[in-house]
Every structure is written in C-alpha cells, then in structure tokens.
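Asker: The file below is entry-v3.cif, mmCIF, C-alpha atoms:
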```cif
data_entry
#
loop_
_atom_site.label_atom_id
_atom_site.label_comp_id
_atom_site.auth_asym_id
_atom_site.auth_seq_id
_atom_site.Cartn_x
_atom_site.Cartn_y
_atom_site.Cartn_z
CA MET A 1 -42.38 29.07 87.30
CA PRO A 2 -43.15 32.59 86.12
CA VAL A 3 -40.28 35.02 86.43
CA GLU A 4 -40.90 38.52 87.70
CA ILE A 5 -39.84 40.87 84.88
CA SER A 6 -38.90 44.35 86.04
CA ALA A 7 -38.04 47.39 83.94
CA SER A 8 -35.14 48.07 86.29
CA GLY A 9 -32.56 45.79 87.85
CA GLU A 10 -29.26 44.46 86.61
CA VAL A 11 -30.39 42.52 83.55
CA ALA A 12 -32.86 45.24 82.53
CA ASP A 13 -30.12 47.85 82.93
CA ARG A 14 -27.77 45.89 80.70
CA LEU A 15 -30.43 45.37 78.04
CA ALA A 16 -31.32 49.07 78.18
CA SER A 17 -27.63 49.95 77.86
CA VAL A 18 -27.54 48.23 74.46
CA GLY A 19 -30.30 50.48 73.11
CA ALA A 20 -28.70 53.55 74.68
CA LEU A 21 -25.30 52.73 73.16
CA ARG A 22 -26.89 52.32 69.71
CA ARG A 23 -28.59 55.70 70.06
CA LEU A 24 -25.34 57.26 71.25
CA ALA A 25 -23.40 55.73 68.34
CA ASP A 26 -25.99 57.05 65.87
CA ARG A 27 -25.80 60.54 67.34
CA VAL A 28 -22.01 60.57 67.30
CA GLU A 29 -22.01 59.24 63.72
CA ASP A 30 -24.47 61.89 62.50
CA ALA A 31 -22.39 64.69 64.03
CA ALA A 32 -19.01 63.32 62.99
CA VAL A 33 -20.01 62.61 59.38
CA GLU A 34 -21.48 66.09 59.08
CA GLU A 35 -18.34 67.64 60.52
CA ALA A 36 -16.11 65.64 58.18
CA MET A 37 -18.13 66.51 55.08
CA ARG A 38 -18.23 70.18 56.07
CA SER A 39 -14.45 70.16 56.32
CA GLY A 40 -13.96 68.69 52.86
CA TRP A 41 -13.77 64.94 53.39
CA GLY A 42 -15.19 62.81 50.56
CA TRP A 43 -17.64 59.91 50.87
CA PRO A 44 -14.91 57.27 50.26
CA GLN A 45 -12.76 58.52 53.14
CA VAL A 46 -15.70 58.85 55.52
CA ALA A 47 -16.88 55.36 54.56
CA GLU A 48 -13.44 53.86 55.09
CA ALA A 49 -13.00 55.66 58.39
CA LEU A 50 -16.34 54.26 59.58
CA GLY A 51 -15.58 50.83 58.18
CA VAL A 52 -18.68 50.71 56.00
CA THR A 53 -19.33 50.88 52.26
CA ARG A 54 -19.61 54.17 50.40
CA GLN A 55 -23.16 53.24 49.42
CA ALA A 56 -24.11 52.68 53.05
CA VAL A 57 -22.77 56.00 54.31
CA TYR A 58 -24.26 57.87 51.33
CA LYS A 59 -27.67 56.30 51.77
CA LYS A 60 -27.67 57.07 55.49
CA HIS A 61 -26.44 60.66 55.41
CA ALA A 62 -26.65 62.29 51.96
CA LYS A 63 -30.26 63.47 52.16
CA ARG A 64 -29.78 65.04 55.57
CA LEU A 65 -26.52 66.76 54.65
CA ILE A 66 -27.85 68.09 51.35
CA ALA A 67 -30.88 69.50 53.18
CA ALA A 68 -28.48 71.02 55.73
CA GLY A 69 -26.71 72.83 52.90
CA VAL A 70 -23.42 70.99 53.22
CA ALA A 71 -21.37 71.30 50.02
CA LEU A 72 -20.67 67.68 49.16
CA ARG A 73 -17.61 66.75 47.15
CA ARG A 74 -18.35 64.81 44.01
CA ARG A 75 -14.97 63.10 43.77
CA ALA A 76 -12.53 61.63 46.21
CA GLY A 77 -9.48 63.84 46.62
CA MET B 1 -62.09 60.73 59.61
CA SER B 2 -63.33 60.38 63.18
CA SER B 3 -62.10 62.72 65.88
CA PHE B 4 -59.96 59.85 67.16
CA ASP B 5 -58.33 59.48 63.74
CA HIS B 6 -57.57 63.20 63.76
CA TYR B 7 -56.07 62.92 67.24
CA LEU B 8 -53.97 59.88 66.33
CA ASN B 9 -52.70 61.57 63.20
CA ARG B 10 -51.77 64.70 65.16
CA ILE B 11 -49.90 62.63 67.76
CA LEU B 12 -48.05 60.61 65.10
CA VAL B 13 -46.96 63.78 63.31
CA ALA B 14 -45.76 65.27 66.60
CA ALA B 15 -44.02 62.01 67.54
CA GLY B 16 -42.28 62.12 64.16
CA SER B 17 -40.98 65.58 65.00
CA GLU B 18 -39.74 64.33 68.37
CA ALA B 19 -37.96 61.45 66.62
CA ARG B 20 -36.34 63.72 64.03
CA ALA B 21 -35.21 66.14 66.74
CA GLU B 22 -33.38 63.20 68.33
CA GLY B 23 -31.85 62.24 65.01
CA SER B 24 -33.92 59.06 64.99
CA THR B 25 -35.35 57.66 61.76
CA VAL B 26 -38.03 55.69 63.60
CA ILE B 27 -40.78 56.66 66.00
CA GLU B 28 -40.43 54.79 69.29
CA ALA B 29 -42.70 54.55 72.32
CA HIS B 30 -40.98 57.40 74.14
CA HIS B 31 -41.60 59.72 71.15
CA LEU B 32 -45.33 59.00 71.51
CA LEU B 33 -45.11 59.82 75.22
CA LEU B 34 -43.34 63.11 74.44
CA ALA B 35 -45.95 63.94 71.79
CA ILE B 36 -48.85 63.23 74.15
CA ALA B 37 -47.24 65.32 76.88
CA ARG B 38 -46.71 68.18 74.41
CA ASP B 39 -50.29 67.90 73.15
CA GLY B 40 -51.53 68.15 76.73
CA SER B 41 -52.91 65.24 78.73
CA PRO B 42 -54.86 65.87 81.95
CA VAL B 43 -53.66 62.56 83.42
CA LEU B 44 -49.99 63.28 82.70
CA ALA B 45 -50.36 66.88 83.84
CA SER B 46 -51.90 65.82 87.14
CA ALA B 47 -48.76 63.74 87.77
CA GLY B 48 -46.54 66.73 86.93
CA LEU B 49 -45.51 65.11 83.66
CA ASP B 50 -45.41 67.95 81.17
CA HIS B 51 -43.17 67.79 78.11
CA ALA B 52 -40.12 69.16 79.94
CA ALA B 53 -40.51 66.68 82.80
CA VAL B 54 -40.83 63.75 80.39
CA ARG B 55 -37.82 64.95 78.40
CA GLY B 56 -35.79 65.27 81.60
CA ALA B 57 -36.75 61.78 82.74
CA LEU B 58 -35.85 60.32 79.35
CA ASP B 59 -32.47 62.06 79.46
CA ARG B 60 -31.80 60.64 82.92
CA GLU B 61 -32.83 57.18 81.72
CA PHE B 62 -30.41 57.49 78.79
CA GLU B 63 -27.54 58.48 81.10
CA ARG B 64 -28.33 55.70 83.51
CA SER B 65 -28.53 53.07 80.78
CA LEU B 66 -25.21 54.21 79.33
CA ALA B 67 -23.73 54.09 82.82
CA ALA B 68 -24.76 50.42 83.05
CA ALA B 69 -22.29 49.83 80.20
CA GLY B 70 -19.65 51.99 81.88
CA VAL B 71 -20.19 54.90 79.51
CA ARG B 72 -20.59 58.52 80.53
CA VAL B 73 -21.17 61.39 78.16
CA ASP B 74 -19.56 64.61 79.33
CA GLY B 75 -20.78 67.92 77.98
CA GLY B 76 -23.90 66.57 76.31
CA LEU B 77 -24.41 64.80 73.01
CA PRO B 78 -22.75 66.06 69.83
CA LEU B 79 -25.10 68.14 67.73
CA ALA B 80 -25.96 67.17 64.17
CA THR B 81 -28.39 68.76 61.77
CA PRO B 82 -31.57 66.65 62.04
CA LEU B 83 -33.42 65.30 59.03
CA ALA B 84 -35.38 68.23 57.66
CA GLU B 85 -38.35 66.31 56.33
CA GLY B 86 -39.85 62.92 55.69
CA SER B 87 -41.99 60.89 58.03
CA PRO B 88 -40.12 58.55 60.32
CA GLN B 89 -41.53 55.02 60.30
CA LEU B 90 -43.16 53.44 63.33
CA GLY B 91 -40.61 51.42 65.27
CA ALA B 92 -41.26 48.19 67.15
CA THR B 93 -41.99 49.84 70.50
CA ALA B 94 -44.42 52.38 69.01
CA LYS B 95 -46.28 49.61 67.17
CA ALA B 96 -46.56 47.72 70.44
CA VAL B 97 -47.97 50.85 72.12
CA LEU B 98 -50.72 51.19 69.53
CA GLU B 99 -51.53 47.48 69.64
CA ARG B 100 -51.83 47.50 73.43
CA GLY B 101 -53.87 50.69 73.42
CA PHE B 102 -56.28 49.56 70.72
CA ALA B 103 -56.64 46.15 72.36
CA ALA B 104 -58.02 47.95 75.41
CA ALA B 105 -60.92 49.31 73.34
CA ARG B 106 -63.82 46.97 72.60
CA ARG B 107 -64.07 47.95 68.97
CA LYS B 108 -62.09 50.20 66.67
CA ARG B 109 -64.77 52.87 66.86
CA ASP B 110 -64.54 52.85 70.67
CA CYS B 111 -60.94 54.10 70.50
CA ARG B 112 -60.39 57.35 72.36
CA PRO B 113 -57.29 59.54 72.67
CA GLY B 114 -56.74 57.99 76.09
CA HIS B 115 -56.13 54.62 74.50
CA VAL B 116 -52.88 55.85 72.95
CA LEU B 117 -51.60 57.04 76.32
CA LEU B 118 -52.87 53.81 77.88
CA GLY B 119 -50.78 51.83 75.38
CA VAL B 120 -47.73 53.90 76.37
CA LEU B 121 -48.37 53.34 80.07
CA LEU B 122 -48.87 49.59 79.58
CA THR B 123 -45.38 49.24 78.05
CA PRO B 124 -43.84 46.77 80.52
CA VAL B 125 -40.12 47.08 79.86
CA GLY B 126 -37.73 49.40 78.08
CA THR B 127 -37.14 53.15 77.93
CA VAL B 128 -40.64 54.36 78.81
CA PRO B 129 -41.25 52.47 82.08
CA ARG B 130 -37.66 53.13 83.13
CA ALA B 131 -38.02 56.87 82.53
CA LEU B 132 -41.39 56.99 84.30
CA GLU B 133 -39.85 55.21 87.26
CA LEU B 134 -37.06 57.80 87.37
CA ALA B 135 -39.74 60.50 87.31
CA ALA B 136 -41.30 58.78 90.35
CA ALA B 137 -44.49 58.27 88.35
CA ASP B 138 -46.85 55.47 89.31
CA ARG B 139 -47.41 53.77 85.95
CA ASP B 140 -50.22 51.48 87.15
CA GLY B 141 -51.95 54.37 88.89
CA LEU B 142 -51.72 56.54 85.79
CA ALA B 143 -53.09 53.71 83.63
CA GLU B 144 -56.01 53.43 86.06
CA ASP B 145 -56.60 57.19 85.77
CA VAL B 146 -56.62 56.95 81.97
CA ARG B 147 -59.09 54.05 82.07
CA ARG B 148 -61.35 56.13 84.30
CA GLU B 149 -61.01 59.11 81.98
CA ILE B 150 -61.97 56.95 78.98
CA ALA B 151 -64.90 55.34 80.83
CA GLY B 152 -66.10 58.70 82.08
CA GLY B 153 -66.29 60.03 78.55
CA GLY B 154 -64.27 63.06 79.58
CA ASP B 155 -61.91 62.25 76.77
CA ASP B 156 -63.87 62.99 73.63
CA ARG B 157 -61.39 65.30 71.98
#
```
Could I get this structure in the form of structure tokens?

Answerer:
Amino acid sequence: MPVEISASGEVADRLASVGALRRLADRVEDAAVEEAMRSGWGWPQVAEALGVTRQAVYKKHAKRLIAAGVALRRRAG
Amino acid sequence: MSSFDHYLNRILVAAGSEARAEGSTVIEAHHLLLAIARDGSPVLASAGLDHAAVRGALDREFERSLAAAGVRVDGGLPLATPLAEGSPQLGATAKAVLERGFAAARRKRDCRPGHVLLGVLLTPVGTVPRALELAAADRDGLAEDVRREIAGGGDDR
C-alpha cells in the first residue's frame, strides 16, 4: 500500500531536524574555530578540543581563516 | 552557449554565493531557490516570494526543524567569516532539482529558465517544501504557473 509522504508531520520534522542540527553544528564550529585561532590557540589544541585530527581541522578551516586574515600559529604552544 | 546555458550558469554562480554566505561548502536546493528569487522570477514574485521572503521562510524552517529536536537558538547564529572564494559543489538536493527540472523538458535544447524553478518546486520533501509551506505558498499551483509560463514562451530570457 502506498504511503502518503508529507514534507511536514512528525517523522518529516525529525528527519529535517537532523539536517538542521548538522548545519547548526557546522556554523558553531566555523565561528568557534575562528575565535580560538584569533585568540592564539594552535591547530593541535583546536583539533583535540573538537575531538578530530589536526589534519581534519586544518583541511576544513585553514583556507577560510587565511583568507580572513587570521594570524595562524605555526607551532603548538 | 545558449541563453539557457547563460541563465543556468548565472543561477549556479548566485546559488554558490548564497551557499558561501551560509558557510556551506555545497549548493543545496534552497540555495537555488534563493538565487532564482534574487534573479527575479515572475511566478515567485506573483506569490510574494522575493528574496527576503524566501530567506525568512528558510530561517523559520530552520528554527522549526531545530525545535523538533528540542533545540532553540537564542540571539541568532554565531558569525564566522565565510569562505572568500572557490565554487561550492552541487549537493544532492541541488542535483535532484536539476534532474527533475530537465526531465520536464522534452529535449535538452527545450530547457528554459523556468525548468530550474520547476525542479525546485517539484522537490517533494526536505527544506524547500517545508519552507514554502511556512510561507503559505501553494507549491503545486506555482509549479502549474511555471509550466504555463514555459509553454507560453514568455520565459525566453
């Protein structure tokens, strides 16, 4: 029997919440990493605080932060 | 390039800007909708859906979807410097939009600007239909209007 699929309703709301939470997490991460790097944190600390590898956090944020003129620390303090 | 190719390219570039402004590295269906609204669409305009109205509806949809998980954001989203350059890739929902839109044209060379909007309006689930519903927009009615616009040839930009 075909099921009526609606863009709204409880299941649709819960599925949509997953996408919204991912977007929210990305936005919070972008802002928090930028704030940390602006205040002198190094990549290793930011990576450990996020629970990801240094390579992952560098790959995701370095280009954006360099373009934004953030002075990035070369070494972990 | 045909005039449709020029139009599609313009919309994709604008959708990329919308994505970057949101801090997104991929273009999704709602970025295409924002780009079309910004570019100016008679069908969207007739339903009161200019860029600001679409943006507002998308923001409400975001809040509502977060609320479904018990999350509320007070004082707006944190601001981060967006990616300055680079072209965001097409995400799954944007690809689906283009596939649906192009499928509505008989042949590739019959594609008109309206087909991109039609693909957006035919998106059955997810952010776009939810936002349009919150904007009290009649998705099926709008799709019908776009089909008429395409058939009437009043869409030869």

Asker: Could you write out as a short mmCIF file (atom, residue, chain, number, x, y, z; two decimals) with C-alpha atoms, in the frame of the given file the residues that the PyMOL selection byres ((chain B and resi 144-148) around 10) matches in the shown file?

Answerer:
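Output below, filename selection_25.cif:
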```cif
data_model
loop_
_atom_site.label_atom_id
_atom_site.label_comp_id
_atom_site.auth_asym_id
_atom_site.auth_seq_id
_atom_site.Cartn_x
_atom_site.Cartn_y
_atom_site.Cartn_z
CA SER B 41 -52.91 65.24 78.73
CA PRO B 42 -54.86 65.87 81.95
CA VAL B 43 -53.66 62.56 83.42
CA LEU B 44 -49.99 63.28 82.70
CA SER B 46 -51.90 65.82 87.14
CA ALA B 104 -58.02 47.95 75.41
CA PRO B 113 -57.29 59.54 72.67
CA GLY B 114 -56.74 57.99 76.09
CA HIS B 115 -56.13 54.62 74.50
CA VAL B 116 -52.88 55.85 72.95
CA LEU B 117 -51.60 57.04 76.32
CA LEU B 118 -52.87 53.81 77.88
CA LEU B 121 -48.37 53.34 80.07
CA ASP B 138 -46.85 55.47 89.31
CA ARG B 139 -47.41 53.77 85.95
CA ASP B 140 -50.22 51.48 87.15
CA GLY B 141 -51.95 54.37 88.89
CA LEU B 142 -51.72 56.54 85.79
CA ALA B 143 -53.09 53.71 83.63
CA GLU B 149 -61.01 59.11 81.98
CA ILE B 150 -61.97 56.95 78.98
CA ALA B 151 -64.90 55.34 80.83
CA GLY B 152 -66.10 58.70 82.08
CA GLY B 153 -66.29 60.03 78.55
CA GLY B 154 -64.27 63.06 79.58
CA ASP B 155 -61.91 62.25 76.77
#
```

Asker: Take the PyMOL selection byres ((chain B) within 8 of (chain A)), run it mentally on this structure, and tell me the resulting residues as number ranges by chain.

Answerer: B: 23, 62, 65-69, 77-84, 124-127, 129-130

Asker: By how many Å are CA of Glu18 (chain B) and CA of Met37 (chain A) apart?

Answerer: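 Rounded to one decimal, the two atoms are 25.5 Å apart.
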
Asker: What is the distance, in Å and to one decimal place, between CA of Trp41 (chain A) and CA of Asp74 (chain B)?

Answerer: 26.6 Å

Asker: Find, counting all atoms listed in the file, the residue in B:Ala21, B:Leu134, B:Ala96, B:Ala15 that gets nearest to Leu58 (chain B).

Answerer: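 Of the candidates, the smallest distance to Leu58 (chain B) is held by B:Leu134.
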
Asker: Arg38 (chain A): which residues within 8 Å, counting only C-alpha atoms, same-chain residues fewer than 4 positions away excluded, as a PyMOL selection string?

Answerer: chain A and resi 34+70-72

Asker: Restricting the calculation to all atoms listed in the file: of B:Ala53, B:Gly48, B:Glu133, B:Leu12, which residue gets closest to Gly9 (chain A)?

Answerer: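 Smallest separation from Gly9 (chain A) among the options: B:Glu133.
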
Asker: If I take CA of Arg73 (chain A) and CA of Ala19 (chain B), how far is one from the other in Å, to one decimal?

Answerer: 28.7 Å

Asker: Might you pull out every residue within 9 Å of Ala92 (chain B), with only C-alpha atoms counted and same-chain residues fewer than 4 positions away left off, and present them as a PyMOL selection string?

Answerer: chain B and resi 26-29+96-97

Asker: When the PyMOL selection byres ((chain B and resi 34) around 8) is applied to the file above, which residues end up in the set, as a ChimeraX atom specification?

Answerer: /B:15,18,30-33,35-38,51,54-55
